[in-house]
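Some notes on the structure that comes next.
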Amino acid sequence: MKKYNHLKIEKKWQKKWEKEGVFVARDNDPRPKFYALIEFPYPSGEGLHVGHPRSYTAMDIIARKRRMEGYNVLFPIGFDSFGLPTENYAIKTGRPPSEITKENIANFTKQLKMLGFSFDWDRAVTTSDPSYYKWTQWIFLQFFKHGLAYKKKMTINWCPKDKIGLANEEVVDGCCERCGTAVEKREKEQWMLAITKYADKLLEGLKDVDYIERAKVQQENWIGKSTGALLQFTVVSSQFTDKIEVFTTRPDTLFGATYMVLAPEHKIIKNVKLKIKNWDEVEKYIDTVKKKTEQERMNVEREKTGVELKGIKAINPATKEEIPIWVADYVLAGYGTGAIMAVPGHDGRDFEFAKKFGLKVREVVSPSPGLRPSSPAGRGGSKNFPSPSGRGEGDGGAYTGPGILINSGRFNGLAHETAKWKITESVGGTRKVTYKLRDWVFSRQRYWGEPIPLVWCDKCKEWVSIPESALPLKLPKVEKYQPTDTGESPLAAMEKWVKTKCPRCGGPARRETDTMPNWAGSSWYFLRYCDPHNNKEFASMEKLKYWMGSPSPQSSPIKGEEAIGNPPPLVGGVRGGVDWYNGGMEHTVLHLLYSRFWNQFLYDIGVVPTREPYKKRTSHGIILGEDGEKMSKSRGNVVNPDDIIKQYGADTLRLYEMFMGPFDQAVPWSTKSIAGVQRFLEKVWQLGSKISETSKISETSVERLLHKTIKKVTGDIEAMKFNTAIAAMMTLVNEMSKEDKLSVTSYELLLTLLHPFAPHITEELWNRIHRPSPGLRPPSPLGRGEGEGMLCQQPWSKYDPALVKDEEIELVIQVNGKVRDLVRVSVDISEEEAKVLAFQNEKVAKWFHGQEVKDVIFVKGKLINIVTQ
RNA sequence: GCCCGGAUGGCGGAACGGUUUACGCAGAGGACUUAAAAUCCUUGCCCCAAAAGGGUUGUGGGUUCGAAUCCCACUCCGGGCACCA
């Protein structure tokens with residue numbers, strides 16, 4: 001057989017699949033549905049990155065396998081096309097972002113099609129298309145109607161030289177990325193979405209979904225629910241009293257609160273200005289803090305800073321002592337009440353601070369006796385013992401674990417959990433739940449985003465939404481894409497567009513000139529895919545119910561062993577949503593949370609059928625450059641997928657990206673290693689010359705391995721262990737290559753298994769077997785399609801359970817856990833038989849000779865261990 | 001700083017608490033060839049040791065008959081940190 005020419009074959013099959021429409025998802029088809037989703041790309045000017053095909057190939061494998069298993073599969077693609085890089089490029093070149101976007105999308109489309117993904121291109125959506133963002137605006141109006149969109153003063157990054165608001169990413173070391181000028185903070189009215197109102201629902205919903213565990217944990221921590229207490233501290237000075245409220249999750253440690261700390265932004269500081277003796281110093285400190293970002297504030301390598309407010313004191317409500325009040329930037333204004341009671345005895349940060357400034361430390365919680373061995377130092381575990389709490393005992397001297405109260409008056413001896421609410425009650429405090437989650441800043445002073453469809457009416461004295469019939473509110477063409485000198489979006493410079501009439505009273509009104517953030521379009525795109533051409537609704541309930549519903553109890557019809565990786569059906573409710581969503585770990589907090597929030601809201605107003613948008617979420621690791629660093633233009637380690645496809649072919653690239661390492665971990669690229677998978681495909685190709693129509697499936701050892709491989713690959717795909725699935729197929733092909741003749745059936749089974757990974761070459765080989773031609777006549781094995789039909793439409797292979805069971809194994813004989821010999825025995829060998837074998841074995845005997853045998857451990861079908869120690 | 005991952009040969013990696021290194025890359029030896037490429041076969045694979053053997057899964061400790069795997073502490077690397085997508 002001639003060598004295989006990937007260039008010809010790949011184009012041929014891509015055309016054929018498209019022409020026959022084999023990947024078109026059919027609405028309301030009687031087959032069970034399966035919705036497979038990947039994160040749609042941002043069409044950057046650089047084109048496709050080798051990272052994209054990693055996630056896309058993985059879901060393509062799953063989508064193709066599901067089709068072969070009899071599902072009606074929806075595997076859509078689109079473009080998340082609003083965003084900063086395009087806008088910045090437009091500013092530089094003066095070209096309209098819409099034009100640039102169009103070109104980029106055309107390029108991405110071409111590149112994606114070369115990879116042979118089984119996308120349904122008929123459903124492609126583009127977020128910057130008015131027919132799409134019409135509905136993004138519509139959803140925003142629903143938020144607005146329901147009181148979840150509101151305006152609030154927020155600080156933004158401001159470059160005083162460029163006179164432009166900056167995204168966090170554009171701020172490098174506190175300076176403007178472009179001009180290097182120090183960035184200032186400015187107050188600006190911003191549209192906010194009240195995601196915090198959904199904090200509990202977003203937390204609750206995590207119980208019903210099958211997400212990769214670390215994504216769940218990240219979301220939980222991001223929402224950061226904690227139950228604590230609000231406590232009042234009285235502030236006193238010579239002629240004045242006031243109250244400061246603090247939030248604490250550890251009210252049980254109140255007796256140990258030896259000072260208080262206020263966030264530099266805390267409003268009381270200005271109120272008590274006249275009482276503060278060192279005001280100059282305090283003011284100076286607050287000014288320096290203003291220049292730091294939040295992260296910098298948390299980052300000051302354990303070096304805490306702060307200033308005492310001299311002249312005023314607080315009173316600890318439990319001990320009635322006067323304690324000093326400090327201002328320090330490790331306390332954030334946005335969390336809790338912006339003020340804390342500091343308990344250096346039991347909080348690491350407070351301890352650091354107290355140590356630096358010589359403040360009093362008092363221990364009020366003692367580790368329970370029995371929980372921790374006593375140590376001479378009286379604090380910190382002795383080296384040889386594990387910490388009793390399992391964590392949190394670092395931080396020098398602060399003990400943060402559980403224990404019994406001491407130095408706490410009448411509460412001494414109580415368990416700290418019990419003491420929490422008793423102490424809270426005794427000082428008149430209240431229980432309070434807080435979240436780390438903050439409301440979502442939803443407006444941008446930028447051009448390339450969805451216009452916010454609201455107008456300010458001077459007469460009505462409020463924001464009025466434009467009628468839904470007037471949507472989409474199109475993004476008008478502007479001359480310049482720079483934000484204006486005042487920091488407003490370029491839209492603000494278009495008087496004609498801005499000046500309008502109030503839709504309610506008809507009076508003069510002004511349009512909102514802010515646009516939406518890039519997150520908006522990606523928060524609901526999975527819904528639009530269900531009904532992408534609908535111009536009456538964002539998607540019809542009927543179609544949403546079909547694609548987002550849960551018609552089958554499991555996401556796979558295969559039962560038993562083969563269903564590895566499919567979650568069991570939920571007890572007490574039917575799950576709905578996208579059946580399987582794969583994306584990057586970098587999106588597991590923001591995008592995932594935002595889109596869950598939008599879906600939950602849409603569910604609450606009755607326009608989508610499921611509470612949660614995604615049933616199952618998995619993640620892929622990023623592909624690093626050959627140097628092990630993140631790929632970037634500046635490092636010069638970027639690999640262009642086009643070059644690889646041209647040289648090696650799409651099948652090889654797909655296979656390589658699946659083989660290079662564990663799917664969920666970051667792996668460095670290695671062009672050298674591509675040779676391995678390329679040789680493998682070449683071997684599969686050459687194997688075609690060995691098939692013989694007379695050879696029934698008789699090559700017994702290969703047959704057993706074949707069925708084992710079917711089992712392995714089937715399970716590994718479900719678990720996204722693509723690298724080991726490919727390794728198993730390589731082993732199989734190596735064995736098959738050793739045979740003189742191969743039955744058609746075994747070759748077909750191999751092609752079927754490999755097809756989702758390398759669709760073009762397998763389709764071609766399948767076609768060659770089934771095309772009547774000399775030497776390769778079509779037989780009729782296993783009732784598969786004869787002589788016609790494409791491989792992508794054939795049923796997925798089943799294995800014969802009788803053939804995957806081993807009859808013999810290598811029994812490991814150990815002495816004290818060390819391997820001393822291996823014996824080939826039947827799988828069913830009994831403990832007694834194994835003992836006899838082990839004790840009679842000469843190689844083994846010398847290792848326990850003359851010693852007392854204390855125990856013999858037998859693991860069926862695996863090993864026997866003789867213990868003498 | 002906080003939250004979440006990761007660390008196994010020269011390299012990418014494999015390994016339900018049970019033979020560390022499957023599969024692949026690179027290397028060495030050989031076959032074929034006028035030659036090269038390609039292909040095929042064979043072969044180590046890390047340290048100590050002449051060998052028997054012993055050690056070795058980032059470091060240190062623990063649990064266990066037995067730990068890469070479970071627990072504790074630490075080091076380094078990666079992702080996220082709310083206006084990059």
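Each chain in the structure tokens gets a letter, A, B, ..., in the order shown, and its residues are numbered from 1; ligands are numbered from 1 in order too.
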
Long-range neighbours of Leu863 (chain A) as a list in words, 8 Å cut-off, only C-alpha atoms (C1' of nucleotides), 6 positions minimum in chain: Leu811, Val812, Ile813 and Gln814 of chain A; G18 of chain B

Under the rule of at most 10 Å, produce a per-residue listing of chain B near chain A: chain, number, name, the closest pair of atoms, and the distance in Å, as a Markdown table, using only C-alpha atoms (C1' of nucleotides).
```
| residue | atom | partner | partner_atom | distance |
| --- | --- | --- | --- | --- |
| B:G1 | C1' | A:Asn299 | CA | 4.2 |
| B:C2 | C1' | A:Met298 | CA | 8.0 |
| B:C3 | C1' | A:Asn221 | CA | 6.5 |
| B:C4 | C1' | A:Gln218 | CA | 6.1 |
| B:G5 | C1' | A:Arg214 | CA | 7.9 |
| B:G6 | C1' | A:Gln665 | CA | 7.9 |
| B:C11 | C1' | A:Ser670 | CA | 9.4 |
| B:G12 | C1' | A:Met660 | CA | 6.2 |
| B:G13 | C1' | A:Gly661 | CA | 6.1 |
| B:A14 | C1' | A:Thr724 | CA | 7.7 |
| B:G18 | C1' | A:Leu863 | CA | 6.9 |
| B:U19 | C1' | A:Val819 | CA | 6.7 |
| B:A22 | C1' | A:Ala727 | CA | 8.0 |
| B:C23 | C1' | A:Ala727 | CA | 4.4 |
| B:G24 | C1' | A:Gly676 | CA | 5.8 |
| B:C25 | C1' | A:Ser673 | CA | 4.9 |
| B:A26 | C1' | A:Lys672 | CA | 8.8 |
| B:G61 | C1' | A:Asn384 | CA | 7.0 |
| B:G62 | C1' | A:Pro386 | CA | 7.8 |
| B:C65 | C1' | A:Val867 | CA | 5.8 |
| B:G66 | C1' | A:Gly817 | CA | 4.8 |
| B:C71 | C1' | A:Pro386 | CA | 8.2 |
| B:C72 | C1' | A:Pro386 | CA | 4.9 |
| B:A73 | C1' | A:Pro386 | CA | 8.3 |
| B:G78 | C1' | A:Ala666 | CA | 7.5 |
| B:G79 | C1' | A:Glu586 | CA | 6.0 |
| B:G80 | C1' | A:Glu586 | CA | 6.2 |
| B:C81 | C1' | A:Gln295 | CA | 7.8 |
| B:A82 | C1' | A:Trp440 | CA | 7.5 |
| B:C83 | C1' | A:Ala167 | CA | 4.0 |
| B:C84 | C1' | A:Glu169 | CA | 5.9 |
| B:A85 | C1' | A:Tyr42 | CA | 6.7 |
```

Leaving out region 38-51 of chain B and any residue of its chain fewer than 2 positions from it, which residues lie within 12 Å of it when counting only C-alpha atoms (C1' of nucleotides), given as a PDB file with C-alpha atoms (C1' of nucleotides), in the first residue's frame?
```pdb
ATOM      1  CA  LYS A   3       1.888   5.933   2.045  1.00  0.00           C
ATOM      2  CA  ARG A 679       4.104   6.706  12.816  1.00  0.00           C
ATOM      3  CA  GLU A 682       1.036   5.255   9.174  1.00  0.00           C
ATOM      4  CA  LYS A 683       0.996   1.788  10.769  1.00  0.00           C
ATOM      5  CA  GLN A 686      -0.317  -0.078   6.310  1.00  0.00           C
ATOM      6  CA  SER A 737       1.314  -5.618  12.864  1.00  0.00           C
ATOM      7  CA  LYS A 738       2.971  -8.841  13.947  1.00  0.00           C
TER       8      LYS A 738
ATOM      9  C1'   U B   8       7.506   9.916  38.860  1.00  0.00           C
ATOM     10  C1'   G B   9      13.879   7.991  33.874  1.00  0.00           C
ATOM     11  C1'   G B  10      17.543  12.315  29.388  1.00  0.00           C
ATOM     12  C1'   U B  21       8.408   3.617  34.747  1.00  0.00           C
ATOM     13  C1'   A B  26      15.245  10.927  22.174  1.00  0.00           C
ATOM     14  C1'   G B  27      19.736   7.522  22.588  1.00  0.00           C
ATOM     15  C1'   A B  28      22.783   2.878  21.522  1.00  0.00           C
ATOM     16  C1'   G B  29      23.535  -1.742  18.505  1.00  0.00           C
ATOM     17  C1'   G B  30      21.964  -4.418  14.137  1.00  0.00           C
ATOM     18  C1'   A B  31      19.119  -5.513   9.275  1.00  0.00           C
ATOM     19  C1'   C B  32      17.717  -3.463   4.470  1.00  0.00           C
ATOM     20  C1'   U B  33      20.225   0.266   0.941  1.00  0.00           C
ATOM     21  C1'   A B  36      20.839   8.641   2.748  1.00  0.00           C
ATOM     22  C1'   G B  53      21.756  -7.079  46.290  1.00  0.00           C
ATOM     23  C1'   G B  54      20.372  -2.219  47.932  1.00  0.00           C
ATOM     24  C1'   G B  55      18.517   2.719  47.157  1.00  0.00           C
ATOM     25  C1'   U B  56      15.233   5.890  44.262  1.00  0.00           C
ATOM     26  C1'   U B  57       8.256   8.810  42.527  1.00  0.00           C
TER      27        U B  57
END
```

Got a sec: who's within 10 Å of region 537-549 of chain A, counting only C-alpha atoms (C1' of nucleotides), leaving out chain neighbours fewer than 3 positions off, as number ranges by chain? A: 25-29, 32-35, 72-74, 131-136, 138-139, 524-534, 552, 574-579, 606-610, 612-615

Take the residues from that selection and put them in a file with C-alpha atoms, as a PDB file, in the first residue's frame.
```pdb
ATOM      1  CA  ALA A  25     -28.342  18.742  14.923  1.00  0.00           C
ATOM      2  CA  ARG A  26     -32.026  18.125  14.345  1.00  0.00           C
ATOM      3  CA  ASP A  27     -34.600  19.784  16.564  1.00  0.00           C
ATOM      4  CA  ASN A  28     -37.111  17.443  18.191  1.00  0.00           C
ATOM      5  CA  ASP A  29     -35.573  14.296  16.748  1.00  0.00           C
ATOM      6  CA  PRO A  32     -32.142  10.959  22.739  1.00  0.00           C
ATOM      7  CA  LYS A  33     -30.344  14.288  22.567  1.00  0.00           C
ATOM      8  CA  PHE A  34     -26.840  15.083  23.668  1.00  0.00           C
ATOM      9  CA  TYR A  35     -25.599  18.644  23.999  1.00  0.00           C
ATOM     10  CA  ASN A  72     -28.922  13.280  18.260  1.00  0.00           C
ATOM     11  CA  VAL A  73     -25.922  15.445  19.059  1.00  0.00           C
ATOM     12  CA  LEU A  74     -25.742  19.227  19.263  1.00  0.00           C
ATOM     13  CA  SER A 131     -29.247  39.789  15.641  1.00  0.00           C
ATOM     14  CA  TYR A 132     -27.433  38.253  18.603  1.00  0.00           C
ATOM     15  CA  TYR A 133     -26.817  41.233  20.852  1.00  0.00           C
ATOM     16  CA  LYS A 134     -30.444  42.251  20.417  1.00  0.00           C
ATOM     17  CA  TRP A 135     -31.164  39.449  22.868  1.00  0.00           C
ATOM     18  CA  THR A 136     -28.214  40.240  25.125  1.00  0.00           C
ATOM     19  CA  TRP A 138     -33.201  42.131  25.978  1.00  0.00           C
ATOM     20  CA  ILE A 139     -31.877  40.027  28.858  1.00  0.00           C
ATOM     21  CA  TRP A 524     -26.096  32.980  27.543  1.00  0.00           C
ATOM     22  CA  TYR A 525     -24.681  31.775  24.206  1.00  0.00           C
ATOM     23  CA  PHE A 526     -25.398  28.133  25.027  1.00  0.00           C
ATOM     24  CA  LEU A 527     -29.105  29.055  25.049  1.00  0.00           C
ATOM     25  CA  ARG A 528     -28.971  30.767  21.669  1.00  0.00           C
ATOM     26  CA  TYR A 529     -27.420  27.669  20.090  1.00  0.00           C
ATOM     27  CA  CYS A 530     -30.686  25.863  20.785  1.00  0.00           C
ATOM     28  CA  ASP A 531     -32.577  28.230  18.489  1.00  0.00           C
ATOM     29  CA  PRO A 532     -30.044  30.477  16.748  1.00  0.00           C
ATOM     30  CA  HIS A 533     -32.218  31.924  13.983  1.00  0.00           C
ATOM     31  CA  ASN A 534     -35.212  32.906  16.071  1.00  0.00           C
ATOM     32  CA  SER A 552     -33.011  10.339  29.316  1.00  0.00           C
ATOM     33  CA  VAL A 574     -34.395  15.609  36.938  1.00  0.00           C
ATOM     34  CA  ARG A 575     -31.303  17.426  35.883  1.00  0.00           C
ATOM     35  CA  GLY A 576     -31.277  19.517  32.779  1.00  0.00           C
ATOM     36  CA  GLY A 577     -28.868  21.653  30.882  1.00  0.00           C
ATOM     37  CA  VAL A 578     -25.935  21.253  28.575  1.00  0.00           C
ATOM     38  CA  ASP A 579     -24.946  17.614  28.937  1.00  0.00           C
ATOM     39  CA  GLY A 606     -39.862  31.579  33.469  1.00  0.00           C
ATOM     40  CA  VAL A 607     -38.101  31.745  30.117  1.00  0.00           C
ATOM     41  CA  VAL A 608     -35.675  28.809  30.383  1.00  0.00           C
ATOM     42  CA  PRO A 609     -36.572  25.274  31.494  1.00  0.00           C
ATOM     43  CA  THR A 610     -33.682  24.442  33.819  1.00  0.00           C
ATOM     44  CA  GLU A 612     -28.681  25.129  36.154  1.00  0.00           C
ATOM     45  CA  PRO A 613     -27.212  25.637  32.684  1.00  0.00           C
ATOM     46  CA  TYR A 614     -24.604  22.870  32.713  1.00  0.00           C
ATOM     47  CA  LYS A 615     -25.019  19.295  33.907  1.00  0.00           C
TER      48      LYS A 615
END
```

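Backbone DSSP over region 3-147 of chain A yields strand (DSSP E) at A:Lys33, A:Phe34, A:Tyr35, A:Ala36, A:Leu37, A:Ile38, A:Asn72, A:Val73, A:Leu74, A:Gly78, A:Phe79, A:Val125, A:Thr126.
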
Please produce a file of the residues just selected, as a PDB file, in the first residue's frame, where the atoms kept are N, CA, C and O atoms.
```pdb
ATOM      1  N   LYS A  33     -31.241  13.188  22.960  1.00  0.00           N
ATOM      2  CA  LYS A  33     -30.344  14.288  22.567  1.00  0.00           C
ATOM      3  C   LYS A  33     -29.089  14.283  23.425  1.00  0.00           C
ATOM      4  O   LYS A  33     -29.088  13.779  24.546  1.00  0.00           O
ATOM      5  N   PHE A  34     -28.047  14.863  22.871  1.00  0.00           N
ATOM      6  CA  PHE A  34     -26.840  15.083  23.668  1.00  0.00           C
ATOM      7  C   PHE A  34     -26.256  16.420  23.264  1.00  0.00           C
ATOM      8  O   PHE A  34     -25.970  16.664  22.098  1.00  0.00           O
ATOM      9  N   TYR A  35     -26.091  17.299  24.255  1.00  0.00           N
ATOM     10  CA  TYR A  35     -25.599  18.644  23.999  1.00  0.00           C
ATOM     11  C   TYR A  35     -24.162  18.732  24.513  1.00  0.00           C
ATOM     12  O   TYR A  35     -23.918  18.685  25.705  1.00  0.00           O
ATOM     13  N   ALA A  36     -23.213  18.809  23.572  1.00  0.00           N
ATOM     14  CA  ALA A  36     -21.791  18.913  23.926  1.00  0.00           C
ATOM     15  C   ALA A  36     -21.334  20.340  23.644  1.00  0.00           C
ATOM     16  O   ALA A  36     -21.621  20.883  22.581  1.00  0.00           O
ATOM     17  N   LEU A  37     -20.656  20.936  24.598  1.00  0.00           N
ATOM     18  CA  LEU A  37     -20.307  22.353  24.451  1.00  0.00           C
ATOM     19  C   LEU A  37     -18.835  22.613  24.753  1.00  0.00           C
ATOM     20  O   LEU A  37     -18.265  22.055  25.697  1.00  0.00           O
ATOM     21  N   ILE A  38     -18.245  23.456  23.910  1.00  0.00           N
ATOM     22  CA  ILE A  38     -16.903  23.963  24.191  1.00  0.00           C
ATOM     23  C   ILE A  38     -17.017  25.478  24.336  1.00  0.00           C
ATOM     24  O   ILE A  38     -17.987  26.067  23.884  1.00  0.00           O
ATOM     25  N   ASN A  72     -28.781  12.086  19.088  1.00  0.00           N
ATOM     26  CA  ASN A  72     -28.922  13.280  18.260  1.00  0.00           C
ATOM     27  C   ASN A  72     -28.065  14.341  18.947  1.00  0.00           C
ATOM     28  O   ASN A  72     -28.424  14.854  20.002  1.00  0.00           O
ATOM     29  N   VAL A  73     -26.910  14.620  18.359  1.00  0.00           N
ATOM     30  CA  VAL A  73     -25.922  15.445  19.059  1.00  0.00           C
ATOM     31  C   VAL A  73     -25.946  16.898  18.580  1.00  0.00           C
ATOM     32  O   VAL A  73     -25.961  17.165  17.384  1.00  0.00           O
ATOM     33  N   LEU A  74     -25.940  17.810  19.560  1.00  0.00           N
ATOM     34  CA  LEU A  74     -25.742  19.227  19.263  1.00  0.00           C
ATOM     35  C   LEU A  74     -24.336  19.594  19.715  1.00  0.00           C
ATOM     36  O   LEU A  74     -24.013  19.504  20.903  1.00  0.00           O
ATOM     37  N   GLY A  78     -19.305  29.089  17.843  1.00  0.00           N
ATOM     38  CA  GLY A  78     -19.647  30.492  17.622  1.00  0.00           C
ATOM     39  C   GLY A  78     -18.444  31.356  17.942  1.00  0.00           C
ATOM     40  O   GLY A  78     -17.340  30.838  18.123  1.00  0.00           O
ATOM     41  N   PHE A  79     -18.660  32.650  18.002  1.00  0.00           N
ATOM     42  CA  PHE A  79     -17.549  33.568  18.251  1.00  0.00           C
ATOM     43  C   PHE A  79     -17.905  34.622  19.275  1.00  0.00           C
ATOM     44  O   PHE A  79     -18.919  35.288  19.163  1.00  0.00           O
ATOM     45  N   VAL A 125     -23.025  31.325  16.058  1.00  0.00           N
ATOM     46  CA  VAL A 125     -23.478  32.648  16.497  1.00  0.00           C
ATOM     47  C   VAL A 125     -22.262  33.556  16.700  1.00  0.00           C
ATOM     48  O   VAL A 125     -21.152  33.078  16.934  1.00  0.00           O
ATOM     49  N   THR A 126     -22.490  34.860  16.579  1.00  0.00           N
ATOM     50  CA  THR A 126     -21.448  35.853  16.769  1.00  0.00           C
ATOM     51  C   THR A 126     -21.990  36.910  17.719  1.00  0.00           C
ATOM     52  O   THR A 126     -23.016  37.523  17.427  1.00  0.00           O
TER      53      THR A 126
END
```

Need the shell around Ile323 (chain A): protein/DNA/RNA residues with any atom at most 7 Å away, counting only C-alpha atoms (C1' of nucleotides). Skip same-chain ones fewer than 4 positions apart. Format as a ChimeraX atom specification? /A:258-259,313-316

Excluding region 142-155 of chain A and residues on its chain fewer than 2 positions from it, collect all residues at most 6 Å away from it, counting only C-alpha atoms (C1' of nucleotides), and give them as a list in words. Ile139, Phe140, Lys185, Arg186, Glu187, Lys188, Glu189, Gln190, Trp191, Met192, Leu193 and Ala194 of chain A

Okay, now the selection with N, CA, C and O atoms, as a CSV table (one decimal), in the first residue's frame?
```
chain,number,residue,atom,x,y,z
A,139,ILE,N,-32.1,40.6,27.5
A,139,ILE,CA,-31.9,40.0,28.9
A,139,ILE,C,-31.5,41.1,29.9
A,139,ILE,O,-32.0,41.1,31.0
A,140,PHE,N,-30.6,42.0,29.5
A,140,PHE,CA,-30.3,43.1,30.4
A,140,PHE,C,-31.5,43.9,30.8
A,140,PHE,O,-31.6,44.2,32.0
A,185,LYS,N,-6.9,56.4,40.9
A,185,LYS,CA,-8.2,55.8,41.1
A,185,LYS,C,-9.2,57.0,40.9
A,185,LYS,O,-9.0,58.1,41.3
A,186,ARG,N,-10.3,56.7,40.2
A,186,ARG,CA,-11.4,57.7,40.0
A,186,ARG,C,-12.7,57.1,40.4
A,186,ARG,O,-12.9,55.9,40.2
A,187,GLU,N,-13.6,57.9,40.9
A,187,GLU,CA,-14.9,57.5,41.2
A,187,GLU,C,-15.8,57.6,39.9
A,187,GLU,O,-15.6,58.6,39.2
A,188,LYS,N,-16.6,56.6,39.6
A,188,LYS,CA,-17.4,56.7,38.4
A,188,LYS,C,-18.7,55.9,38.7
A,188,LYS,O,-18.7,54.8,39.3
A,189,GLU,N,-19.8,56.5,38.2
A,189,GLU,CA,-21.0,55.8,38.3
A,189,GLU,C,-21.1,54.6,37.4
A,189,GLU,O,-20.8,54.7,36.2
A,190,GLN,N,-21.3,53.4,37.9
A,190,GLN,CA,-21.3,52.2,37.0
A,190,GLN,C,-22.6,51.4,37.2
A,190,GLN,O,-23.2,51.4,38.2
A,191,TRP,N,-23.0,50.8,36.1
A,191,TRP,CA,-24.1,49.8,36.2
A,191,TRP,C,-23.6,48.6,36.8
A,191,TRP,O,-22.5,48.1,36.6
A,192,MET,N,-24.4,48.1,37.8
A,192,MET,CA,-24.1,46.9,38.5
A,192,MET,C,-25.2,45.8,38.3
A,192,MET,O,-26.4,46.2,38.2
A,193,LEU,N,-24.8,44.6,38.3
A,193,LEU,CA,-25.8,43.5,38.4
A,193,LEU,C,-25.7,42.8,39.7
A,193,LEU,O,-24.6,42.5,40.2
A,194,ALA,N,-26.9,42.7,40.4
A,194,ALA,CA,-26.9,42.2,41.7
A,194,ALA,C,-26.8,40.7,41.8
A,194,ALA,O,-27.7,40.0,42.3
```

Pick from A:Ile645, A:Met736, A:Val183, A:Ala90 nearest to Thr700 (chain A), counting only C-alpha atoms: A:Met736

Please provide the set of residues having any atom within 9 Å of Asp173 (chain A), restricted to only C-alpha atoms (C1' of nucleotides), with same-chain residues fewer than 3 positions apart removed, written as JSON, numbers by chain. {"A": [176, 177, 182]}

Restricting the calculation to only C-alpha atoms, which member of A:Met68, A:Pro344, A:Val364, A:Arg635 is positioned closest to Leu791 (chain A)?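 Counting only C-alpha atoms, the residue closest to Leu791 (chain A) is A:Met68.
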
Distance in Å - CA of Ala845 (chain A) versus CA of Glu833 (chain A):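 Value for the CA of Ala845 (chain A)-CA of Glu833 (chain A) distance: 16.2 Å.
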